[in-house]
Each structure stands twice: as structure tokens, then as C-alpha cells.
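Note: the block below is run-v9.txt and it holds compact mmCIF, C-alpha atoms and all ligand atoms.
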```
# COMPACT_ATOMS: atom_id res chain seq x y z
CA MET A 1085 232.21 1.43 -52.48
CA SER A 1086 232.73 3.92 -55.33
CA GLU A 1087 233.11 3.14 -59.00
CA ALA A 1088 236.87 3.36 -58.55
CA GLU A 1089 236.38 0.26 -56.45
CA ARG A 1090 238.63 -2.70 -56.84
CA VAL A 1091 237.26 -5.88 -58.31
CA PRO A 1092 238.55 -8.86 -56.34
CA PRO A 1093 239.69 -11.97 -58.21
CA GLY A 1094 236.82 -14.19 -59.31
CA VAL A 1095 234.22 -11.42 -58.98
CA ASP A 1096 232.18 -10.38 -62.02
CA PRO A 1097 231.11 -6.76 -61.45
CA THR A 1098 228.81 -6.83 -64.50
CA THR A 1099 226.46 -9.51 -63.12
CA PRO A 1100 224.47 -8.78 -59.95
CA SER A 1101 224.95 -11.15 -57.04
CA PRO A 1102 222.57 -11.93 -54.15
CA ALA A 1103 225.31 -11.24 -51.59
CA ARG A 1104 226.11 -7.80 -53.02
CA ILE A 1105 222.46 -6.80 -53.59
CA TYR A 1106 221.69 -7.64 -49.96
CA ASP A 1107 224.81 -5.79 -48.83
CA TYR A 1108 223.64 -2.68 -50.67
CA VAL A 1109 220.12 -2.84 -49.22
CA LEU A 1110 221.60 -3.14 -45.70
CA GLY A 1111 223.72 -0.05 -46.33
CA GLY A 1112 227.00 -1.87 -46.97
CA THR A 1113 229.79 -0.84 -49.33
CA HIS A 1114 230.74 -4.17 -50.92
CA ASN A 1115 228.65 -3.81 -54.07
CA PHE A 1116 228.78 -2.54 -57.63
CA ALA A 1117 226.52 -0.38 -59.82
CA VAL A 1118 224.83 -3.46 -61.25
CA ASP A 1119 223.84 -4.60 -57.74
CA ARG A 1120 222.53 -1.18 -56.77
CA ALA A 1121 220.47 -1.00 -59.98
CA ALA A 1122 219.02 -4.45 -59.24
CA ALA A 1123 218.03 -3.43 -55.70
CA GLU A 1124 216.60 -0.14 -56.89
CA ARG A 1125 214.41 -1.88 -59.45
CA ILE A 1126 212.73 -3.74 -56.61
CA GLY A 1127 212.80 -0.67 -54.36
CA ALA A 1128 210.94 1.32 -57.04
CA GLN A 1129 207.96 -1.01 -56.50
CA THR A 1130 207.80 -1.03 -52.73
CA PRO A 1131 208.82 1.01 -49.69
CA ASP A 1132 209.44 -2.24 -47.78
CA LEU A 1133 212.73 -3.49 -49.26
CA GLN A 1134 215.05 -2.16 -46.55
CA ASP A 1135 212.65 -3.13 -43.80
CA ALA A 1136 212.48 -6.66 -45.21
CA ALA A 1137 216.28 -6.96 -45.31
CA TRP A 1138 216.68 -5.65 -41.76
CA VAL A 1139 213.87 -7.80 -40.43
CA ASN A 1140 215.75 -10.82 -41.73
CA ARG A 1141 219.14 -9.68 -40.46
CA SER A 1142 217.70 -8.92 -37.03
CA PHE A 1143 215.99 -12.31 -36.88
CA HIS A 1144 219.36 -13.92 -37.61
CA GLN A 1145 221.03 -11.89 -34.86
CA ARG A 1146 218.27 -12.34 -32.27
CA ALA A 1147 218.12 -16.09 -32.82
CA ALA A 1148 221.92 -16.53 -32.67
CA ARG A 1149 222.19 -14.41 -29.51
CA TRP A 1150 219.32 -16.33 -27.88
CA LEU A 1151 220.92 -19.68 -28.66
CA ALA A 1152 224.20 -18.55 -27.11
CA ALA A 1153 222.60 -16.89 -24.08
CA GLU A 1154 219.63 -19.13 -23.34
CA ARG A 1155 220.55 -22.52 -24.78
CA GLY A 1156 224.30 -22.57 -24.18
CA ILE A 1157 225.18 -23.08 -27.85
CA SER A 1158 228.80 -22.19 -28.49
CA GLN A 1159 229.37 -23.38 -32.05
CA PHE A 1160 227.64 -21.97 -35.10
CA ILE A 1161 227.68 -22.88 -38.79
CA ASP A 1162 226.49 -19.87 -40.80
CA LEU A 1163 225.53 -21.25 -44.24
CA GLY A 1164 225.21 -18.51 -46.87
CA SER A 1165 226.63 -16.03 -44.41
CA GLY A 1166 226.82 -13.00 -46.72
CA LEU A 1167 229.23 -10.07 -46.65
CA PRO A 1168 230.48 -8.50 -43.42
CA VAL A 1169 227.88 -6.29 -41.75
CA PRO A 1170 227.80 -4.59 -38.37
CA GLY A 1171 226.78 -7.38 -36.00
CA ASN A 1172 228.31 -10.38 -37.75
CA THR A 1173 227.35 -13.69 -36.19
CA HIS A 1174 230.55 -13.97 -34.14
CA ASP A 1175 230.19 -10.37 -32.90
CA VAL A 1176 226.72 -11.20 -31.63
CA VAL A 1177 227.41 -14.57 -30.03
CA GLN A 1178 230.85 -13.75 -28.63
CA ALA A 1179 229.32 -10.79 -26.81
CA VAL A 1180 227.50 -13.50 -24.84
CA GLU A 1181 230.02 -16.34 -24.96
CA PRO A 1182 233.54 -15.13 -25.82
CA ARG A 1183 234.72 -18.66 -26.66
CA ALA A 1184 231.93 -19.29 -29.18
CA ARG A 1185 233.15 -20.53 -32.56
CA VAL A 1186 231.62 -19.51 -35.88
CA LEU A 1187 232.21 -21.13 -39.25
CA TYR A 1188 231.05 -18.98 -42.16
CA VAL A 1189 230.22 -20.59 -45.52
CA ASP A 1190 229.38 -18.68 -48.69
CA ILE A 1191 229.59 -19.31 -52.42
CA ASP A 1192 230.35 -15.72 -53.39
CA ALA A 1193 233.92 -14.73 -54.27
CA MET A 1194 233.23 -11.26 -52.86
CA VAL A 1195 232.68 -12.82 -49.43
CA ARG A 1196 236.01 -14.61 -49.71
CA ALA A 1197 237.68 -11.33 -50.71
CA TYR A 1198 236.41 -9.56 -47.60
CA ALA A 1199 236.70 -12.54 -45.28
CA ALA A 1200 239.34 -10.80 -43.19
CA GLU A 1201 236.67 -8.37 -42.02
CA LEU A 1202 234.61 -11.32 -40.80
CA LEU A 1203 237.36 -13.07 -38.93
CA ALA A 1204 238.11 -12.61 -35.28
CA ASP A 1205 241.87 -12.80 -34.87
CA ASP A 1206 241.84 -15.41 -32.12
CA GLY A 1207 241.10 -18.57 -34.11
CA THR A 1208 237.43 -18.72 -33.11
CA THR A 1209 236.13 -18.05 -36.63
CA ALA A 1210 236.81 -19.25 -40.16
CA VAL A 1211 235.35 -18.57 -43.60
CA ILE A 1212 235.10 -21.17 -46.31
CA THR A 1213 234.06 -20.58 -49.91
CA ALA A 1214 231.76 -23.42 -50.87
CA ASP A 1215 228.44 -24.27 -52.45
CA LEU A 1216 225.98 -25.51 -49.84
CA ARG A 1217 224.47 -27.72 -52.55
CA ASP A 1218 227.62 -29.82 -52.20
CA PRO A 1219 227.34 -30.95 -48.56
CA ASP A 1220 230.20 -33.44 -48.89
CA SER A 1221 232.61 -30.59 -49.66
CA VAL A 1222 231.21 -28.33 -46.96
CA LEU A 1223 231.10 -30.98 -44.26
CA GLY A 1224 234.48 -32.42 -45.21
CA ASP A 1225 236.25 -29.07 -45.27
CA PRO A 1226 239.29 -29.12 -42.94
CA GLU A 1227 238.50 -25.62 -41.63
CA LEU A 1228 235.03 -26.77 -40.64
CA ARG A 1229 236.35 -29.98 -39.10
CA GLY A 1230 238.94 -27.99 -37.16
CA LEU A 1231 236.39 -25.59 -35.70
CA ILE A 1232 233.17 -27.55 -35.20
CA ASP A 1233 232.88 -30.54 -32.86
CA PHE A 1234 229.95 -32.59 -34.15
CA SER A 1235 229.75 -34.57 -30.93
CA GLN A 1236 228.45 -31.41 -29.20
CA PRO A 1237 225.32 -29.35 -29.94
CA ALA A 1238 225.73 -26.68 -32.58
CA ALA A 1239 223.52 -24.21 -34.42
CA LEU A 1240 223.02 -24.28 -38.17
CA LEU A 1241 222.04 -20.80 -39.38
CA VAL A 1242 220.47 -20.75 -42.86
CA THR A 1243 218.85 -17.35 -43.16
CA ALA A 1244 217.70 -15.82 -46.45
CA VAL A 1245 219.66 -18.39 -48.44
CA LEU A 1246 217.48 -21.25 -49.61
CA GLN A 1247 215.42 -19.05 -51.91
CA PHE A 1248 218.54 -19.21 -54.08
CA VAL A 1249 218.38 -23.01 -54.27
CA SER A 1250 216.01 -24.53 -56.85
CA ASP A 1251 213.66 -27.44 -56.21
CA GLU A 1252 215.86 -29.54 -58.53
CA ALA A 1253 218.72 -29.17 -56.04
CA ASP A 1254 216.35 -30.44 -53.28
CA PRO A 1255 216.90 -27.84 -50.55
CA TRP A 1256 214.83 -29.98 -48.13
CA GLY A 1257 217.10 -32.98 -48.62
CA LEU A 1258 220.14 -30.74 -48.19
CA ILE A 1259 218.92 -29.35 -44.87
CA GLU A 1260 218.04 -32.84 -43.69
CA ARG A 1261 221.58 -33.91 -44.52
CA TYR A 1262 223.19 -31.01 -42.65
CA VAL A 1263 220.90 -31.43 -39.63
CA SER A 1264 221.59 -35.17 -39.53
CA MET A 1265 225.25 -34.32 -38.85
CA LEU A 1266 224.39 -32.30 -35.76
CA ALA A 1267 224.31 -33.71 -32.23
CA PRO A 1268 220.97 -34.00 -30.41
CA GLY A 1269 220.22 -30.66 -28.74
CA SER A 1270 221.45 -28.74 -31.80
CA TYR A 1271 219.35 -26.05 -33.48
CA LEU A 1272 218.31 -25.00 -36.98
CA VAL A 1273 217.63 -21.29 -37.62
CA LEU A 1274 216.05 -20.79 -41.02
CA SER A 1275 214.33 -17.96 -42.88
CA HIS A 1276 213.06 -17.97 -46.44
CA VAL A 1277 211.45 -15.48 -48.84
CA THR A 1278 207.82 -16.16 -49.65
CA TYR A 1279 205.41 -15.06 -52.36
CA GLU A 1280 202.30 -15.70 -50.29
CA GLY A 1281 200.46 -12.52 -49.40
CA LEU A 1282 202.72 -10.31 -51.53
CA PRO A 1283 201.62 -8.38 -54.64
CA PRO A 1284 202.18 -10.67 -57.67
CA SER A 1285 203.77 -7.78 -59.60
CA LEU A 1286 206.37 -7.34 -56.84
CA VAL A 1287 207.12 -11.06 -56.77
CA GLN A 1288 207.51 -11.04 -60.55
CA THR A 1289 209.89 -8.07 -60.41
CA GLY A 1290 211.94 -9.97 -57.84
CA ARG A 1291 212.05 -13.01 -60.09
CA ASP A 1292 213.06 -10.85 -63.08
CA VAL A 1293 215.80 -9.05 -61.15
CA TYR A 1294 217.28 -12.24 -59.69
CA ALA A 1295 217.01 -14.05 -63.04
CA ARG A 1296 220.03 -11.93 -63.97
CA THR A 1297 222.07 -13.39 -61.09
CA ALA A 1298 223.86 -16.71 -61.46
CA GLY A 1299 221.16 -18.84 -59.86
CA GLY A 1300 217.73 -17.12 -59.93
CA ILE A 1301 215.31 -16.96 -57.01
CA TYR A 1302 212.64 -19.38 -55.75
CA PRO A 1303 210.20 -17.81 -53.27
CA ARG A 1304 208.25 -20.52 -51.44
CA SER A 1305 205.01 -21.02 -49.53
CA ARG A 1306 204.63 -21.38 -45.78
CA ALA A 1307 203.99 -25.11 -46.29
CA ASP A 1308 207.25 -25.39 -48.27
CA VAL A 1309 209.13 -23.66 -45.45
CA GLU A 1310 207.47 -25.86 -42.81
CA ARG A 1311 208.93 -28.91 -44.57
CA PHE A 1312 212.45 -27.80 -43.60
CA PHE A 1313 211.52 -28.41 -39.96
CA THR A 1314 210.23 -31.96 -40.35
CA GLY A 1315 211.29 -34.04 -37.34
CA LEU A 1316 212.48 -30.99 -35.37
CA GLU A 1317 210.94 -29.28 -32.33
CA ILE A 1318 209.99 -25.73 -33.28
CA VAL A 1319 210.58 -23.13 -30.56
CA PRO A 1320 207.55 -20.87 -29.91
CA PRO A 1321 208.44 -17.61 -31.69
CA TYR A 1322 207.42 -15.41 -28.75
CA GLU A 1323 205.98 -15.80 -25.29
CA GLY A 1324 202.52 -17.29 -25.41
CA ALA A 1325 202.74 -18.30 -29.09
CA GLU A 1326 202.28 -21.79 -30.49
CA PRO A 1327 205.47 -23.45 -31.82
CA ALA A 1328 205.08 -22.68 -35.53
CA VAL A 1329 206.72 -21.28 -38.64
CA THR A 1330 205.77 -17.58 -38.74
CA HIS A 1331 206.71 -14.29 -40.33
CA ILE A 1332 210.13 -13.76 -38.84
CA GLY A 1333 209.66 -10.27 -37.42
CA LEU A 1334 207.55 -12.01 -34.79
CA TRP A 1335 210.43 -14.14 -33.56
CA GLY A 1336 211.47 -13.00 -30.09
CA ALA A 1337 209.13 -10.03 -30.34
CA GLU A 1338 208.03 -8.33 -27.15
CA ASP A 1339 205.11 -6.81 -29.03
CA PRO A 1340 204.06 -9.14 -31.86
CA ASP A 1341 201.61 -6.59 -33.31
CA MET A 1342 204.35 -3.98 -33.68
CA ALA A 1343 206.79 -6.56 -35.07
CA ASP A 1344 204.41 -7.73 -37.76
CA SER A 1345 205.65 -5.18 -40.30
CA ASP A 1346 205.11 -5.33 -44.05
CA GLY A 1347 208.79 -6.26 -44.49
CA SER A 1348 208.39 -9.13 -42.03
CA ARG A 1349 205.71 -10.60 -44.28
CA TRP A 1350 208.28 -11.24 -47.01
CA TRP A 1351 209.62 -14.10 -44.90
CA PHE A 1352 208.71 -17.32 -43.16
CA GLY A 1353 211.04 -18.98 -40.69
CA ALA A 1354 211.59 -20.52 -37.30
CA VAL A 1355 214.14 -21.77 -34.80
CA ALA A 1356 213.95 -25.49 -34.06
CA ARG A 1357 215.75 -28.05 -31.90
CA ARG A 1358 217.02 -31.38 -33.03
CA PRO A 1359 215.68 -33.90 -30.48
C1 LIG A 1401 220.57 -12.62 -48.83
S1 LIG A 1401 222.15 -13.16 -48.33
C2 LIG A 1401 221.83 -13.63 -46.64
C3 LIG A 1401 223.02 -13.43 -45.73
C4 LIG A 1401 222.80 -13.86 -44.27
N1 LIG A 1401 222.56 -15.27 -44.18
C5 LIG A 1401 221.67 -13.10 -43.62
O1 LIG A 1401 220.60 -13.67 -43.45
O2 LIG A 1401 221.83 -11.92 -43.27
C6 LIG A 1401 222.26 -14.76 -49.13
C7 LIG A 1401 223.66 -15.33 -49.14
O3 LIG A 1401 223.59 -16.71 -49.52
C8 LIG A 1401 224.70 -16.98 -50.35
N2 LIG A 1401 224.41 -18.17 -51.18
C9 LIG A 1401 223.48 -18.28 -52.14
N3 LIG A 1401 223.51 -19.51 -52.69
C10 LIG A 1401 224.49 -20.19 -52.03
C11 LIG A 1401 225.02 -21.53 -52.16
N4 LIG A 1401 224.54 -22.39 -53.06
N5 LIG A 1401 226.02 -21.89 -51.32
C12 LIG A 1401 226.53 -21.02 -50.41
N6 LIG A 1401 226.08 -19.74 -50.27
C13 LIG A 1401 225.07 -19.34 -51.06
C14 LIG A 1401 224.87 -15.71 -51.16
O4 LIG A 1401 226.16 -15.60 -51.75
C15 LIG A 1401 224.59 -14.65 -50.13
O5 LIG A 1401 225.74 -14.22 -49.48
```

Written as C-alpha cells, how would this file's structure read?
Ligand SMILES: C[S@@+](CC[C@H](N)C(=O)[O-])C[C@H]1O[C@@H](n2cnc3c(N)ncnc32)[C@H](O)[C@@H]1O
Amino acid sequence: MSEAERVPPGVDPTTPSPARIYDYVLGGTHNFAVDRAAAERIGAQTPDLQDAAWVNRSFHQRAARWLAAERGISQFIDLGSGLPVPGNTHDVVQAVEPRARVLYVDIDAMVRAYAAELLADDGTTAVITADLRDPDSVLGDPELRGLIDFSQPAALLVTAVLQFVSDEADPWGLIERYVSMLAPGSYLVLSHVTYEGLPPSLVQTGRDVYARTAGGIYPRSRADVERFFTGLEIVPPYEGAEPAVTHIGLWGAEDPDMADSDGSRWWFGAVARRP
């Protein structure tokens, strides 16, 4: 998007937003100068920013495709879905199961503005603008209720989102609440930015950059991320691996050594089944 870009209603182009920063790093066009400057401040410290973003996006896509292809999941709730990118969730899962339904949820007005790019035109997708910290609103939304059948297994995708939710908002309790709505045999796909193993100066720059966004950022430890999977059955991330929360580049990897890139080490995550 150029500087002659239009500013959709409800969007503040002078304050960076997580959705637009991520869009820029992935090579998207739904961002403003303030978002690009934010991303470049982090990028000035590390060559791994783009790799980290793509590692996360590919984990999201691989896990969603696997659930559709290998576990027969045909309904997906994509919480904190982000702006349209090549390979949106419905593109990926409908390539496997054309009748799969995808409900996108995001707090960002920019996502609402470009929702049409996300939507398939056959009624199999919907986008709602909501704050995941308000599960009553999300779960009671008529669009969600019209698309998702909670008596059947579904997948809850929460990738690269919960680092924007503070401890005070109890992200663990929120995930427990969402998962409790899902039928047995449903899945949680979750990734989360960490600080463990990363240079403290880089982590601090990230905190400084995101402090200028509406909500800040809260990188967490592996143990913190493991808590999201309490009571769930973690899927082994690759053949021969133990079922465990790992760096997400490893998930579904044919060659775990190759997949263990520096960008992968920004994240912990897993795919897990609700028994
Ligand atoms: C880094 S992007 C990740 C997008 C996508 N899930 C992925 O992994 O490729 C984080 C997204 O979470 C959204 N988000 C952050 N806090 C949220 C909240 N409280 N409720 C809903 N969405 C939120 C942001 O607007 C942004 O689009």
C-alpha cells in the first residue's frame, strides 16, 4: 500500500498495529508507514524477523491442512486471524475439503475493512470483529453460531495471538473456556512468541516497539505455553518425536534439523486433541 492509501473507518494510521506489522513482514500491502517503521526497528537488530513470521504462518497452514486431511476436521475457528495473506485458512483447508467452514475472528478494524478478501463467496466463511478476551461475545456471535456446529469436532487456531494478551486478562483461562465449548475430538493449534533463548536486547526492542501498539506484547516461557495444553493430548510434532510443545518450525517437519531455524526459535507451540 502506498502513502496515498485509504484509511478505512476505525483505523488509526498513526499508531502501529500487530496485524499490520505482521502483514508488512509477510510482504503484504495492508499497512502504513508507522507499521513499517516498527517492523524495521526490530529488523535492524536481527536477520531473522521474516523467517520468524513465515515459520509461524507456515505452522498455521501445515497444522490446518493436516487437520483437514488427516483428522477429518471440517470446521475451523481462526482466533486473531490477521489480514488476508496468500494461503488464508480457508484456501488451505478447502483445497483438501471443499465444504470446510472457517470463522475468522480479529479485533483489528483493518481486518474488518479487508474482510471481503478473506471471504469465499459460497457461505463457507465469515469474519467477525471481536476481542477474544470477551468470549461471551465471540461465542454468542450469530455469524459464529450460524457457521460452527459445536456438537461436531472443530479446530481452534490461535497462532501468534496470545502474546498480545496480558496475564491480567488470563489467556490460559480464556483458552480453557474456548476449548470447553468444543466437542471431544476437536483440536487446539497454538503458537506463542517466547523470550527464552533469544538475545535480551532483541526481546527488549520487541517490547519497546509493541508498547506503542494498543495492547503491548507479552513473550512467554515454554512452561507458560505448555499450560495452554493442560488436559489435552498433544500430537507428536514430527514422526518419532515425543508429544511435546516445541519450537514450531519442527511441527510436521520431514527434517527436524533443517526446520530448526533461528526464526523457529522465536516460538513455542503445538497441536493438541481434546479427549
Ligand atoms: C501476528 S498476527 C497473527 C495472525 C495469524 N493468526 C497467523 O498466525 O498468521 C496477530 C493477530 O491477532 C489479532 N489480535 C490481537 N489481540 C486480539 C484480541 N484481543 N482479539 C482478537 N484478535 C486479536 C491482531 O489484530 C492480529 O491480527

(request) Could you report the residues within 8 Å of ligand LIG 1401 (chain A), using all atoms listed in the file, as a ChimeraX atom specification? (result) /A:1101-1107,1137,1140-1141,1144,1162-1167,1189-1192,1195,1213-1217,1241-1246,1248-1249,1275,1299

Generate a file of the selected residues that holds C-alpha atoms, formatted as a CSV table (one decimal), in the coordinates of the input.
```
chain,number,residue,atom,x,y,z
A,1101,SER,CA,225.0,-11.2,-57.0
A,1102,PRO,CA,222.6,-11.9,-54.2
A,1103,ALA,CA,225.3,-11.2,-51.6
A,1104,ARG,CA,226.1,-7.8,-53.0
A,1105,ILE,CA,222.5,-6.8,-53.6
A,1106,TYR,CA,221.7,-7.6,-50.0
A,1107,ASP,CA,224.8,-5.8,-48.8
A,1137,ALA,CA,216.3,-7.0,-45.3
A,1140,ASN,CA,215.8,-10.8,-41.7
A,1141,ARG,CA,219.1,-9.7,-40.5
A,1144,HIS,CA,219.4,-13.9,-37.6
A,1162,ASP,CA,226.5,-19.9,-40.8
A,1163,LEU,CA,225.5,-21.2,-44.2
A,1164,GLY,CA,225.2,-18.5,-46.9
A,1165,SER,CA,226.6,-16.0,-44.4
A,1166,GLY,CA,226.8,-13.0,-46.7
A,1167,LEU,CA,229.2,-10.1,-46.6
A,1189,VAL,CA,230.2,-20.6,-45.5
A,1190,ASP,CA,229.4,-18.7,-48.7
A,1191,ILE,CA,229.6,-19.3,-52.4
A,1192,ASP,CA,230.4,-15.7,-53.4
A,1195,VAL,CA,232.7,-12.8,-49.4
A,1213,THR,CA,234.1,-20.6,-49.9
A,1214,ALA,CA,231.8,-23.4,-50.9
A,1215,ASP,CA,228.4,-24.3,-52.4
A,1216,LEU,CA,226.0,-25.5,-49.8
A,1217,ARG,CA,224.5,-27.7,-52.6
A,1241,LEU,CA,222.0,-20.8,-39.4
A,1242,VAL,CA,220.5,-20.8,-42.9
A,1243,THR,CA,218.8,-17.4,-43.2
A,1244,ALA,CA,217.7,-15.8,-46.4
A,1245,VAL,CA,219.7,-18.4,-48.4
A,1246,LEU,CA,217.5,-21.2,-49.6
A,1248,PHE,CA,218.5,-19.2,-54.1
A,1249,VAL,CA,218.4,-23.0,-54.3
A,1275,SER,CA,214.3,-18.0,-42.9
A,1299,GLY,CA,221.2,-18.8,-59.9
```

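Between Pro1092 of chain A and the residues A:Trp1350, A:Phe1234, A:Tyr1279, A:Phe1116, the shortest atom-to-atom distance, using all atoms listed in the file, involves A:Phe1116.
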
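Taking atom CA of Gln1288 of chain A and atom CA of Ala1354 of chain A as endpoints, the distance between them is 25.4 Å.
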
(request) For atom CA of Gln1247 of chain A and atom CA of Ser1221 of chain A, determine how far apart the two atoms are, in Å to one decimal place. (result) 20.8 Å

Quick one: contact table of segment 1218-1326 of chain A to segment 1333-1348 of chain A, 9 Å max, nearest atom pair and distance in Å to one decimal per residue, counting all atoms listed in the file, chain and number order, as a Markdown table?
```
| residue | atom | partner | partner_atom | distance |
| --- | --- | --- | --- | --- |
| A:Pro1320 | CA | A:Trp1335 | CA | 8.2 |
| A:Pro1321 | CA | A:Trp1335 | CA | 4.4 |
| A:Tyr1322 | CA | A:Gly1336 | CA | 4.9 |
| A:Glu1323 | CA | A:Gly1336 | CA | 7.8 |
```

(request) Mind giving me the straight-line distance from atom CA of Val1309 of chain A to atom CA of Arg1261 of chain A in Å, one decimal? (result) 16.2 Å

(message) I'd like to know which of A:Tyr1294, A:Tyr1302, A:Tyr1198, A:Trp1351 is closest to Ala1123 of chain A, using all atoms listed in the file.
(response) A:Tyr1294

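Distances here use only C-alpha atoms; by that measure, the residue among A:Thr1278, A:Thr1130, A:Gln1159, A:Ser1285 closest to Arg1306 of chain A is A:Thr1278.
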
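Taking all atoms listed in the file into account, Thr1208 of chain A lies nearest to A:Leu1228 out of the set A:Val1095, A:Ile1332, A:Leu1228, A:Ala1147.
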
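For Asp1205 of chain A, the set of protein, DNA and RNA residues having any atom at most 12 Å away, when counting only C-alpha atoms and skipping those fewer than 6 positions along the same chain, is His1174, Arg1185 and Ala1199 of chain A.
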
I need the chosen residues saved as an mmCIF file, in the coordinates of the input, with C-alpha atoms.
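Listed below is the output, out-v1.cif:
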```cif
data_model
loop_
_atom_site.group_PDB
_atom_site.id
_atom_site.type_symbol
_atom_site.label_atom_id
_atom_site.label_comp_id
_atom_site.auth_asym_id
_atom_site.auth_seq_id
_atom_site.Cartn_x
_atom_site.Cartn_y
_atom_site.Cartn_z
ATOM 1 C CA HIS A 1174 230.550 -13.970 -34.140
ATOM 2 C CA ARG A 1185 233.150 -20.530 -32.560
ATOM 3 C CA ALA A 1199 236.700 -12.540 -45.280
#
```

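Using only C-alpha atoms, the nearest neighbour of Gln1145 of chain A within the list A:Ser1264, A:Asp1220, A:Glu1089, A:Ala1179 is A:Ala1179.
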
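When all atoms listed in the file are used to measure the gap to Ala1117 of chain A, the shortest distance among A:Pro1303, A:Glu1201, A:Gln1134, A:Thr1099 belongs to A:Thr1099.
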
(request) With a distance cut-off of 10 Å and all atoms listed in the file, select the neighbouring residues of Tyr1271 of chain A, excluding the residue or stretch itself and same-chain residues fewer than 5 positions from it, and output the selection as a ChimeraX atom specification. (result) /A:1148,1151,1155,1157,1160,1237-1241,1263,1266,1316-1319,1355-1359
